[in-house]
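This is data.cif. It holds mmCIF, C-alpha atoms, pLDDT in the B column; chains and numbers go by the auth columns.
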```cif
data_run
#
loop_
_atom_site.group_PDB
_atom_site.id
_atom_site.type_symbol
_atom_site.label_atom_id
_atom_site.label_comp_id
_atom_site.label_asym_id
_atom_site.label_seq_id
_atom_site.Cartn_x
_atom_site.Cartn_y
_atom_site.Cartn_z
_atom_site.B_iso_or_equiv
_atom_site.auth_seq_id
_atom_site.auth_asym_id
ATOM 1 C CA ARG A 1 -30.752 -0.132 32.437 28.00 9 A
ATOM 2 C CA LEU A 2 -34.219 -1.655 32.153 34.00 10 A
ATOM 3 C CA SER A 3 -35.857 -2.903 35.322 35.00 11 A
ATOM 4 C CA ASP A 4 -39.396 -3.894 36.339 39.00 12 A
ATOM 5 C CA GLY A 5 -40.717 -3.189 32.859 40.00 13 A
ATOM 6 C CA VAL A 6 -40.062 0.542 33.211 38.00 14 A
ATOM 7 C CA TYR A 7 -37.991 2.608 30.791 36.00 15 A
ATOM 8 C CA GLY A 8 -36.692 5.605 32.739 38.00 16 A
ATOM 9 C CA SER A 9 -35.295 8.667 30.961 36.00 17 A
ATOM 10 C CA ASP A 10 -32.568 8.966 33.568 35.00 18 A
ATOM 11 C CA SER A 11 -31.720 5.257 33.404 32.00 19 A
ATOM 12 C CA VAL A 12 -30.265 5.030 29.951 33.00 20 A
ATOM 13 C CA SER A 13 -27.291 7.369 30.020 34.00 21 A
ATOM 14 C CA ALA A 14 -25.740 6.108 26.788 35.00 22 A
ATOM 15 C CA VAL A 15 -28.988 6.635 24.875 35.00 23 A
ATOM 16 C CA GLY A 16 -29.412 9.994 26.590 36.00 24 A
ATOM 17 C CA VAL A 17 -26.023 11.249 25.437 37.00 25 A
ATOM 18 C CA ALA A 18 -26.726 10.332 21.816 38.00 26 A
ATOM 19 C CA ALA A 19 -30.236 11.802 21.923 38.00 27 A
ATOM 20 C CA HIS A 20 -28.989 15.044 23.467 41.00 28 A
ATOM 21 C CA GLU A 21 -26.213 15.527 20.926 41.00 29 A
ATOM 22 C CA ALA A 22 -28.686 14.797 18.132 41.00 30 A
ATOM 23 C CA GLY A 23 -30.991 17.522 19.361 39.00 31 A
ATOM 24 C CA HIS A 24 -33.288 14.901 20.890 38.00 32 A
ATOM 25 C CA ALA A 25 -33.817 13.233 17.512 37.00 33 A
ATOM 26 C CA VAL A 26 -34.449 9.946 19.264 35.00 34 A
ATOM 27 C CA GLN A 27 -37.809 10.617 20.889 36.00 35 A
ATOM 28 C CA HIS A 28 -39.287 7.190 21.076 36.00 36 A
ATOM 29 C CA ALA A 29 -38.517 3.605 21.871 34.00 37 A
ATOM 30 C CA VAL A 30 -40.328 0.691 20.247 31.00 38 A
ATOM 31 C CA GLY A 31 -42.578 3.106 18.347 35.00 39 A
ATOM 32 C CA VAL A 32 -44.136 4.632 21.466 33.00 40 A
ATOM 33 C CA VAL A 33 -43.564 8.312 22.222 33.00 41 A
ATOM 34 C CA ALA A 34 -42.755 8.983 25.862 35.00 42 A
ATOM 35 C CA ARG A 35 -45.011 11.745 27.131 34.00 43 A
ATOM 36 C CA ASP A 36 -43.459 11.851 30.586 34.00 44 A
ATOM 37 C CA GLU A 37 -40.268 10.735 32.296 35.00 45 A
ATOM 38 C CA ARG A 38 -41.262 7.081 32.638 39.00 46 A
ATOM 39 C CA MET A 39 -42.852 4.802 30.082 41.00 47 A
ATOM 40 C CA ASP A 40 -44.238 1.411 31.011 44.00 48 A
ATOM 41 C CA LEU A 41 -43.143 -1.097 28.394 42.00 49 A
ATOM 42 C CA SER A 42 -44.181 -4.188 30.306 44.00 50 A
ATOM 43 C CA GLN A 43 -47.178 -4.632 27.998 44.00 51 A
ATOM 44 C CA GLN A 44 -45.218 -3.959 24.824 46.00 52 A
ATOM 45 C CA ARG A 45 -42.439 -6.491 24.371 49.00 53 A
ATOM 46 C CA SER A 46 -39.796 -8.267 26.377 49.00 54 A
ATOM 47 C CA HIS A 47 -36.533 -6.563 27.351 46.00 55 A
ATOM 48 C CA GLU A 48 -34.657 -8.949 25.060 49.00 56 A
ATOM 49 C CA GLU A 49 -36.604 -7.498 22.110 53.00 57 A
ATOM 50 C CA ILE A 50 -36.533 -3.884 23.251 50.00 58 A
ATOM 51 C CA ILE A 51 -32.853 -3.327 23.944 50.00 59 A
ATOM 52 C CA PRO A 52 -31.381 -4.318 20.523 52.00 60 A
ATOM 53 C CA GLU A 53 -34.033 -2.377 18.588 54.00 61 A
ATOM 54 C CA THR A 54 -33.652 0.757 20.696 50.00 62 A
ATOM 55 C CA LEU A 55 -29.878 0.742 20.328 50.00 63 A
ATOM 56 C CA LYS A 56 -30.202 0.117 16.598 52.00 64 A
ATOM 57 C CA ASN A 57 -32.463 3.159 16.200 52.00 65 A
ATOM 58 C CA VAL A 58 -30.112 5.324 18.226 47.00 66 A
ATOM 59 C CA GLN A 59 -27.108 4.135 16.210 47.00 67 A
ATOM 60 C CA ARG A 60 -28.845 4.901 12.917 46.00 68 A
ATOM 61 C CA MET A 61 -29.943 8.412 13.897 45.00 69 A
ATOM 62 C CA TRP A 62 -26.667 9.286 15.672 42.00 70 A
ATOM 63 C CA TYR A 63 -24.702 8.316 12.571 40.00 71 A
ATOM 64 C CA THR A 64 -26.918 10.525 10.425 42.00 72 A
ATOM 65 C CA VAL A 65 -26.205 13.494 12.652 40.00 73 A
ATOM 66 C CA VAL A 66 -22.473 13.015 12.315 41.00 74 A
ATOM 67 C CA VAL A 67 -22.348 12.348 8.596 43.00 75 A
ATOM 68 C CA ASP A 68 -24.350 10.614 5.897 43.00 76 A
ATOM 69 C CA CYS A 69 -21.788 9.163 3.510 40.00 77 A
ATOM 70 C CA LEU A 70 -23.456 8.055 0.281 41.00 78 A
ATOM 71 C CA SER A 71 -21.914 5.746 -2.268 36.00 79 A
ATOM 72 C CA TRP A 72 -22.034 7.135 -5.806 38.00 80 A
ATOM 73 C CA GLY A 73 -20.327 4.304 -7.631 38.00 81 A
ATOM 74 C CA GLY A 74 -17.015 4.758 -5.829 43.00 82 A
ATOM 75 C CA ALA A 75 -15.681 3.615 -2.476 50.00 83 A
ATOM 76 C CA GLY A 76 -17.932 6.068 -0.625 54.00 84 A
ATOM 77 C CA MET A 77 -15.054 6.891 1.706 88.00 85 A
ATOM 78 C CA ILE A 78 -14.073 9.945 3.734 95.00 86 A
ATOM 79 C CA GLU A 79 -10.444 10.415 4.710 96.00 87 A
ATOM 80 C CA VAL A 80 -9.222 12.951 7.249 96.00 88 A
ATOM 81 C CA ARG A 81 -5.440 13.228 7.037 96.00 89 A
ATOM 82 C CA ASP A 82 -3.533 14.948 9.857 96.00 90 A
ATOM 83 C CA VAL A 83 -6.044 17.806 9.995 96.00 91 A
ATOM 84 C CA SER A 84 -5.471 20.842 12.193 94.00 92 A
ATOM 85 C CA PHE A 85 -7.752 23.869 12.448 94.00 93 A
ATOM 86 C CA ARG A 86 -8.056 27.169 14.300 90.00 94 A
ATOM 87 C CA TYR A 87 -10.791 29.758 13.877 86.00 95 A
ATOM 88 C CA ASP A 88 -9.683 32.946 12.227 77.00 96 A
ATOM 89 C CA ALA A 89 -9.024 35.836 14.596 47.00 97 A
ATOM 90 C CA ALA A 90 -11.220 38.094 12.485 40.00 98 A
ATOM 91 C CA GLU A 91 -14.142 35.747 13.070 59.00 99 A
ATOM 92 C CA ASP A 92 -13.776 34.942 16.755 53.00 100 A
ATOM 93 C CA GLY A 93 -11.855 37.941 18.079 53.00 101 A
ATOM 94 C CA ALA A 94 -8.224 38.548 18.964 52.00 102 A
ATOM 95 C CA ARG A 95 -8.152 35.741 21.510 54.00 103 A
ATOM 96 C CA ALA A 96 -8.519 33.155 18.715 51.00 104 A
ATOM 97 C CA ALA A 97 -5.031 33.934 17.429 54.00 105 A
ATOM 98 C CA GLU A 98 -3.583 33.239 20.871 59.00 106 A
ATOM 99 C CA ALA A 99 -5.665 30.162 21.670 55.00 107 A
ATOM 100 C CA PRO A 100 -4.538 26.647 20.710 64.00 108 A
ATOM 101 C CA GLY A 101 -6.093 25.142 17.610 83.00 109 A
ATOM 102 C CA VAL A 102 -9.493 23.478 17.871 91.00 110 A
ATOM 103 C CA LEU A 103 -8.226 20.432 15.963 94.00 111 A
ATOM 104 C CA SER A 104 -4.650 19.186 15.995 93.00 112 A
ATOM 105 C CA GLY A 105 -3.385 16.328 13.852 94.00 113 A
ATOM 106 C CA VAL A 106 -6.726 14.512 13.485 95.00 114 A
ATOM 107 C CA SER A 107 -6.725 11.488 11.178 95.00 115 A
ATOM 108 C CA LEU A 108 -9.557 9.026 10.527 94.00 116 A
ATOM 109 C CA THR A 109 -11.171 7.079 7.721 94.00 117 A
ATOM 110 C CA ILE A 110 -14.906 6.481 7.272 93.00 118 A
ATOM 111 C CA ALA A 111 -15.622 3.556 4.968 91.00 119 A
ATOM 112 C CA ASP A 112 -18.743 3.037 2.879 85.00 120 A
ATOM 113 C CA GLY A 113 -21.495 1.616 5.088 85.00 121 A
ATOM 114 C CA GLU A 114 -19.664 2.304 8.346 89.00 122 A
ATOM 115 C CA PHE A 115 -21.451 3.746 11.384 89.00 123 A
ATOM 116 C CA LEU A 116 -19.263 6.159 13.320 91.00 124 A
ATOM 117 C CA ALA A 117 -19.966 8.210 16.462 93.00 125 A
ATOM 118 C CA ILE A 118 -17.674 11.067 17.480 92.00 126 A
ATOM 119 C CA VAL A 119 -18.000 11.644 21.217 93.00 127 A
ATOM 120 C CA GLY A 120 -16.490 14.331 23.446 93.00 128 A
ATOM 121 C CA HIS A 121 -17.256 17.060 25.953 92.00 129 A
ATOM 122 C CA ASN A 122 -18.576 20.511 24.995 91.00 130 A
ATOM 123 C CA GLY A 123 -16.009 22.500 23.066 89.00 131 A
ATOM 124 C CA SER A 124 -13.833 19.523 22.184 92.00 132 A
ATOM 125 C CA GLY A 125 -14.223 20.087 18.420 93.00 133 A
ATOM 126 C CA LYS A 126 -16.900 17.545 17.387 94.00 134 A
ATOM 127 C CA SER A 127 -18.955 20.019 15.362 92.00 135 A
ATOM 128 C CA THR A 128 -15.833 21.645 13.950 94.00 136 A
ATOM 129 C CA LEU A 129 -14.628 18.274 12.679 96.00 137 A
ATOM 130 C CA ALA A 130 -18.050 17.410 11.229 94.00 138 A
ATOM 131 C CA LYS A 131 -18.151 20.707 9.326 94.00 139 A
ATOM 132 C CA HIS A 132 -14.871 19.728 7.641 96.00 140 A
ATOM 133 C CA LEU A 133 -16.503 16.653 6.103 95.00 141 A
ATOM 134 C CA ASN A 134 -18.555 18.628 3.579 93.00 142 A
ATOM 135 C CA ALA A 135 -16.316 21.683 3.193 95.00 143 A
ATOM 136 C CA LEU A 136 -18.246 24.038 5.445 94.00 144 A
ATOM 137 C CA LEU A 137 -14.855 24.511 7.066 95.00 145 A
ATOM 138 C CA LEU A 138 -11.456 23.968 5.452 95.00 146 A
ATOM 139 C CA PRO A 139 -8.448 22.683 7.394 94.00 147 A
ATOM 140 C CA THR A 140 -5.696 25.058 8.466 92.00 148 A
ATOM 141 C CA ALA A 141 -3.321 22.160 7.830 93.00 149 A
ATOM 142 C CA GLY A 142 -3.817 18.637 6.552 95.00 150 A
ATOM 143 C CA GLN A 143 -6.334 17.286 4.085 96.00 151 A
ATOM 144 C CA VAL A 144 -9.949 16.023 3.918 97.00 152 A
ATOM 145 C CA LEU A 145 -10.909 13.752 1.003 97.00 153 A
ATOM 146 C CA VAL A 146 -14.423 12.650 0.023 96.00 154 A
ATOM 147 C CA ASP A 147 -14.332 9.881 -2.587 94.00 155 A
ATOM 148 C CA GLY A 148 -10.885 11.160 -3.483 94.00 156 A
ATOM 149 C CA MET A 149 -12.017 14.795 -3.857 96.00 157 A
ATOM 150 C CA ASP A 150 -10.104 17.367 -1.805 97.00 158 A
ATOM 151 C CA THR A 151 -12.446 19.689 0.117 97.00 159 A
ATOM 152 C CA ARG A 152 -10.054 22.587 -0.561 96.00 160 A
ATOM 153 C CA ASP A 153 -10.682 22.321 -4.303 96.00 161 A
ATOM 154 C CA GLU A 154 -13.632 24.652 -5.004 95.00 162 A
ATOM 155 C CA ALA A 155 -14.327 22.774 -8.219 96.00 163 A
ATOM 156 C CA HIS A 156 -15.465 19.804 -6.104 96.00 164 A
ATOM 157 C CA THR A 157 -17.431 21.669 -3.400 95.00 165 A
ATOM 158 C CA LEU A 158 -20.910 21.107 -4.888 92.00 166 A
ATOM 159 C CA GLU A 159 -20.261 17.419 -5.577 93.00 167 A
ATOM 160 C CA ILE A 160 -18.879 16.885 -2.074 94.00 168 A
ATOM 161 C CA ARG A 161 -21.980 18.464 -0.545 90.00 169 A
ATOM 162 C CA ARG A 162 -24.175 16.226 -2.673 88.00 170 A
ATOM 163 C CA ARG A 163 -22.481 13.220 -1.081 89.00 171 A
ATOM 164 C CA VAL A 164 -22.135 14.305 2.544 91.00 172 A
ATOM 165 C CA GLY A 165 -25.234 15.498 4.400 89.00 173 A
ATOM 166 C CA LEU A 166 -24.900 17.345 7.700 89.00 174 A
ATOM 167 C CA VAL A 167 -27.708 17.813 10.226 90.00 175 A
ATOM 168 C CA PHE A 168 -27.240 20.670 12.676 87.00 176 A
ATOM 169 C CA GLN A 169 -28.264 20.663 16.332 85.00 177 A
ATOM 170 C CA ASN A 170 -30.993 23.287 15.871 89.00 178 A
ATOM 171 C CA PRO A 171 -33.480 21.953 13.272 88.00 179 A
ATOM 172 C CA ASP A 172 -35.098 25.375 12.775 88.00 180 A
ATOM 173 C CA ASN A 173 -31.901 26.425 10.995 86.00 181 A
ATOM 174 C CA GLN A 174 -32.560 23.815 8.306 85.00 182 A
ATOM 175 C CA LEU A 175 -36.324 23.947 7.730 89.00 183 A
ATOM 176 C CA VAL A 176 -36.961 26.142 4.683 89.00 184 A
ATOM 177 C CA THR A 177 -40.572 25.382 3.648 92.00 185 A
ATOM 178 C CA THR A 178 -43.904 25.339 5.466 92.00 186 A
ATOM 179 C CA ILE A 179 -44.908 21.744 4.582 96.00 187 A
ATOM 180 C CA VAL A 180 -42.971 18.706 5.828 96.00 188 A
ATOM 181 C CA GLU A 181 -42.832 16.717 2.581 96.00 189 A
ATOM 182 C CA GLU A 182 -41.873 19.814 0.586 95.00 190 A
ATOM 183 C CA ASP A 183 -38.990 20.453 2.968 95.00 191 A
ATOM 184 C CA VAL A 184 -37.711 16.889 2.621 96.00 192 A
ATOM 185 C CA GLY A 185 -37.899 17.188 -1.169 95.00 193 A
ATOM 186 C CA PHE A 186 -36.153 20.573 -1.294 93.00 194 A
ATOM 187 C CA GLY A 187 -32.668 19.145 -1.906 90.00 195 A
ATOM 188 C CA PRO A 188 -33.375 16.711 -4.733 91.00 196 A
ATOM 189 C CA GLU A 189 -35.662 19.260 -6.429 92.00 197 A
ATOM 190 C CA ASN A 190 -32.804 21.761 -6.552 88.00 198 A
ATOM 191 C CA LEU A 191 -30.552 19.035 -7.950 87.00 199 A
ATOM 192 C CA GLY A 192 -32.984 18.487 -10.831 91.00 200 A
ATOM 193 C CA VAL A 193 -34.148 15.014 -9.790 94.00 201 A
ATOM 194 C CA PRO A 194 -37.287 13.955 -11.738 96.00 202 A
ATOM 195 C CA PRO A 195 -40.571 14.536 -9.805 95.00 203 A
ATOM 196 C CA GLN A 196 -41.481 10.839 -9.666 95.00 204 A
ATOM 197 C CA GLU A 197 -38.117 9.958 -8.116 96.00 205 A
ATOM 198 C CA ILE A 198 -38.397 12.882 -5.671 96.00 206 A
ATOM 199 C CA ARG A 199 -41.724 11.452 -4.504 96.00 207 A
ATOM 200 C CA GLN A 200 -40.138 8.057 -3.932 96.00 208 A
ATOM 201 C CA ARG A 201 -37.154 9.532 -2.089 96.00 209 A
ATOM 202 C CA VAL A 202 -39.361 11.682 0.146 97.00 210 A
ATOM 203 C CA ASP A 203 -41.638 8.771 1.043 97.00 211 A
ATOM 204 C CA ARG A 204 -38.685 6.527 1.839 97.00 212 A
ATOM 205 C CA ALA A 205 -36.853 9.141 3.927 97.00 213 A
ATOM 206 C CA LEU A 206 -39.941 10.040 5.974 97.00 214 A
ATOM 207 C CA ALA A 207 -40.613 6.347 6.610 97.00 215 A
ATOM 208 C CA ASP A 208 -37.021 5.880 7.784 96.00 216 A
ATOM 209 C CA VAL A 209 -37.526 8.462 10.549 96.00 217 A
ATOM 210 C CA ASP A 210 -41.143 7.470 11.348 96.00 218 A
ATOM 211 C CA MET A 211 -42.639 10.761 10.129 97.00 219 A
ATOM 212 C CA THR A 212 -44.847 9.544 7.276 97.00 220 A
ATOM 213 C CA ARG A 213 -48.065 10.554 9.034 96.00 221 A
ATOM 214 C CA PHE A 214 -46.832 14.151 9.233 96.00 222 A
ATOM 215 C CA ALA A 215 -45.926 14.422 5.526 96.00 223 A
ATOM 216 C CA ALA A 216 -48.675 16.931 4.653 96.00 224 A
ATOM 217 C CA GLY A 217 -48.446 18.775 7.971 95.00 225 A
ATOM 218 C CA ALA A 218 -47.020 22.191 8.755 95.00 226 A
ATOM 219 C CA SER A 219 -43.349 22.225 9.696 92.00 227 A
ATOM 220 C CA HIS A 220 -43.782 24.965 12.302 91.00 228 A
ATOM 221 C CA ALA A 221 -46.375 22.906 14.184 93.00 229 A
ATOM 222 C CA LEU A 222 -43.947 20.045 14.914 95.00 230 A
ATOM 223 C CA SER A 223 -42.162 19.508 18.203 94.00 231 A
ATOM 224 C CA GLY A 224 -38.413 20.096 18.413 93.00 232 A
ATOM 225 C CA GLY A 225 -37.650 16.393 18.112 93.00 233 A
ATOM 226 C CA GLN A 226 -40.020 15.984 15.162 95.00 234 A
ATOM 227 C CA LYS A 227 -38.346 18.903 13.386 95.00 235 A
ATOM 228 C CA GLN A 228 -35.004 17.169 13.943 94.00 236 A
ATOM 229 C CA ARG A 229 -36.400 14.023 12.335 95.00 237 A
ATOM 230 C CA VAL A 230 -37.488 16.039 9.301 96.00 238 A
ATOM 231 C CA ALA A 231 -33.985 17.523 9.051 94.00 239 A
ATOM 232 C CA ILE A 232 -32.533 14.006 9.166 94.00 240 A
ATOM 233 C CA ALA A 233 -34.986 12.865 6.473 95.00 241 A
ATOM 234 C CA ARG A 234 -33.919 15.726 4.247 92.00 242 A
ATOM 235 C CA ALA A 235 -30.264 14.758 4.642 91.00 243 A
ATOM 236 C CA LEU A 236 -31.134 11.156 3.750 91.00 244 A
#
```
Output the file's structure as structure tokens, nothing else.
Amino acid sequence: RLSDGVYGSDSVSAVGVAAHEAGHAVQHAVGVVARDERMDLSQQRSHEEIIPETLKNVQRMWYTVVVDCLSWGGAGMIEVRDVSFRYDAAEDGARAAEAPGVLSGVSLTIADGEFLAIVGHNGSGKSTLAKHLNALLLPTAGQVLVDGMDTRDEAHTLEIRRRVGLVFQNPDNQLVTTIVEEDVGFGPENLGVPPQEIRQRVDRALADVDMTRFAAGASHALSGGQKQRVAIARAL
């Protein structure tokens, strides 16, 4: 809801849900960082211009948090077929064996270029499902395919993780270097991508999340939301 030229943090519940689940990755609207609870946009642009752009930015970042499905010459498709899952009793205690499964008969298909949001209350299994998409977790029953590769097949694990990037809620768990641009380039460097292409990828990814001006900065000095943006850039 936008009224009287004021963008209130408690007014946009749909945006708030996405931003919260993304670890507050969406910190700004129309390129202006909100330093308090209300941000006057009356001197920026009209509501008709603001609303579509804001929703577009939220959609892009929310999708990245769920899964970044890259096309490598194939269909770029993820298939979840009748997947069920329960945490092992040895991992979560004896109660896990008695509790119902976290996932039960979940099926969905994510096509190349599709934007998909998975929404649910705390403990409903959103993160558990997301971790199945790049073989961090394997289904108790059913099947997960990434470009036709079964996540249960260890021979495909590395290739699957090259194609599906996952951004966790806490960005500090994913920052591994002290400089922003070095952190974003960590993945392709380990994959043996040529230095010139790494530079291009890093520049493009940082621009996509509006963090170019922080490229040479220290990762630890960033705010929580800025760290989340860097984690998203690294996945991209």
- Message: For this structure, which residues satisfy the selection - the PyMOL selection byres ((chain A and resi 110) around 8) - when it is evaluated on the file as given? I want them as a PyMOL selection string.
- Response: chain A and resi 92-95+108-109+111-112+132-133+136
Picked residues, the PyMOL selection byres ((chain A and resi 155-159) around 8), expected as a PDB file with C-alpha atoms, in the coordinates of the input:
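Generated file (result_24.pdb):
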```
ATOM      1  CA  GLY A  82     -17.015   4.758  -5.829  1.00 43.00           C
ATOM      2  CA  ALA A  83     -15.681   3.615  -2.476  1.00 50.00           C
ATOM      3  CA  GLY A  84     -17.932   6.068  -0.625  1.00 54.00           C
ATOM      4  CA  MET A  85     -15.054   6.891   1.706  1.00 88.00           C
ATOM      5  CA  ILE A  86     -14.073   9.945   3.734  1.00 95.00           C
ATOM      6  CA  HIS A 140     -14.871  19.728   7.641  1.00 96.00           C
ATOM      7  CA  LEU A 141     -16.503  16.653   6.103  1.00 95.00           C
ATOM      8  CA  ASN A 142     -18.555  18.628   3.579  1.00 93.00           C
ATOM      9  CA  ALA A 143     -16.316  21.683   3.193  1.00 95.00           C
ATOM     10  CA  LEU A 146     -11.456  23.968   5.452  1.00 95.00           C
ATOM     11  CA  GLN A 151      -6.334  17.286   4.085  1.00 96.00           C
ATOM     12  CA  VAL A 152      -9.949  16.023   3.918  1.00 97.00           C
ATOM     13  CA  LEU A 153     -10.909  13.752   1.003  1.00 97.00           C
ATOM     14  CA  VAL A 154     -14.423  12.650   0.023  1.00 96.00           C
ATOM     15  CA  ARG A 160     -10.054  22.587  -0.561  1.00 96.00           C
ATOM     16  CA  ASP A 161     -10.682  22.321  -4.303  1.00 96.00           C
ATOM     17  CA  GLU A 162     -13.632  24.652  -5.004  1.00 95.00           C
ATOM     18  CA  HIS A 164     -15.465  19.804  -6.104  1.00 96.00           C
ATOM     19  CA  THR A 165     -17.431  21.669  -3.400  1.00 95.00           C
ATOM     20  CA  ILE A 168     -18.879  16.885  -2.074  1.00 94.00           C
TER      21      ILE A 168
END
```
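For the pair atom CA of A:Arg221 and atom CA of A:Arg169, the separation is 28.9 Å.
Distance annotation: of A:Glu87, A:Ile240, A:Ala138, A:Asn130, the residue with the minimal separation from A:Thr117 is A:Glu87; atom set is all atoms listed in the file.
The nearest approach to A:Ala239 among the residues A:Glu167, A:Glu122, A:Asp191, A:Glu205, with only C-alpha atoms taken into account, belongs to A:Asp191.
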- Apply the PyMOL selection byres ((chain A and resi 222) around 12) to the displayed file and report the matching residues as a count of residues only. 27
- Which residues come within 9 Å of stretch 193-204 of chain A, counting all atoms listed in the file, excluding same-chain residues fewer than 5 positions away, as a ChimeraX atom specification? /A:170,184-185,188,209-210,242-243
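Here atom CA of A:Ala149 stands at a distance of 5.6 Å from atom CA of A:Val91.
Atom CA of A:Leu145 to atom CA of A:Gln182 spans 17.8 Å [interatomic distance, one decimal].
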With the input short on atoms, add N, CA and C atoms back to stretch 86-97 of chain A and write it as a short mmCIF file (atom, residue, chain, number, x, y, z; two decimals), in the frame of the given file.
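Final output, saved to result.cif:
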```cif
data_model
loop_
_atom_site.label_atom_id
_atom_site.label_comp_id
_atom_site.auth_asym_id
_atom_site.auth_seq_id
_atom_site.Cartn_x
_atom_site.Cartn_y
_atom_site.Cartn_z
N ILE A 86 -14.56 8.65 3.28
CA ILE A 86 -14.07 9.94 3.73
C ILE A 86 -12.75 9.73 4.45
N GLU A 87 -11.75 10.50 4.07
CA GLU A 87 -10.44 10.42 4.71
C GLU A 87 -10.06 11.77 5.30
N VAL A 88 -9.72 11.76 6.57
CA VAL A 88 -9.22 12.95 7.25
C VAL A 88 -7.75 12.69 7.55
N ARG A 89 -6.87 13.48 6.95
CA ARG A 89 -5.44 13.23 7.04
C ARG A 89 -4.72 14.34 7.80
N ASP A 90 -4.35 14.05 9.04
CA ASP A 90 -3.53 14.95 9.86
C ASP A 90 -4.07 16.38 9.84
N VAL A 91 -5.38 16.51 10.09
CA VAL A 91 -6.04 17.81 9.99
C VAL A 91 -5.89 18.62 11.28
N SER A 92 -5.50 19.87 11.10
CA SER A 92 -5.47 20.84 12.19
C SER A 92 -6.31 22.05 11.78
N PHE A 93 -6.89 22.73 12.78
CA PHE A 93 -7.75 23.87 12.45
C PHE A 93 -7.82 24.83 13.62
N ARG A 94 -7.78 26.13 13.31
CA ARG A 94 -8.06 27.17 14.30
C ARG A 94 -8.95 28.22 13.64
N TYR A 95 -9.90 28.74 14.41
CA TYR A 95 -10.79 29.76 13.88
C TYR A 95 -10.03 31.05 13.66
N ASP A 96 -10.37 31.71 12.59
CA ASP A 96 -9.68 32.95 12.23
C ASP A 96 -9.93 34.02 13.28
N ALA A 97 -8.91 34.78 13.59
CA ALA A 97 -9.02 35.84 14.60
C ALA A 97 -10.08 36.86 14.21
#
```
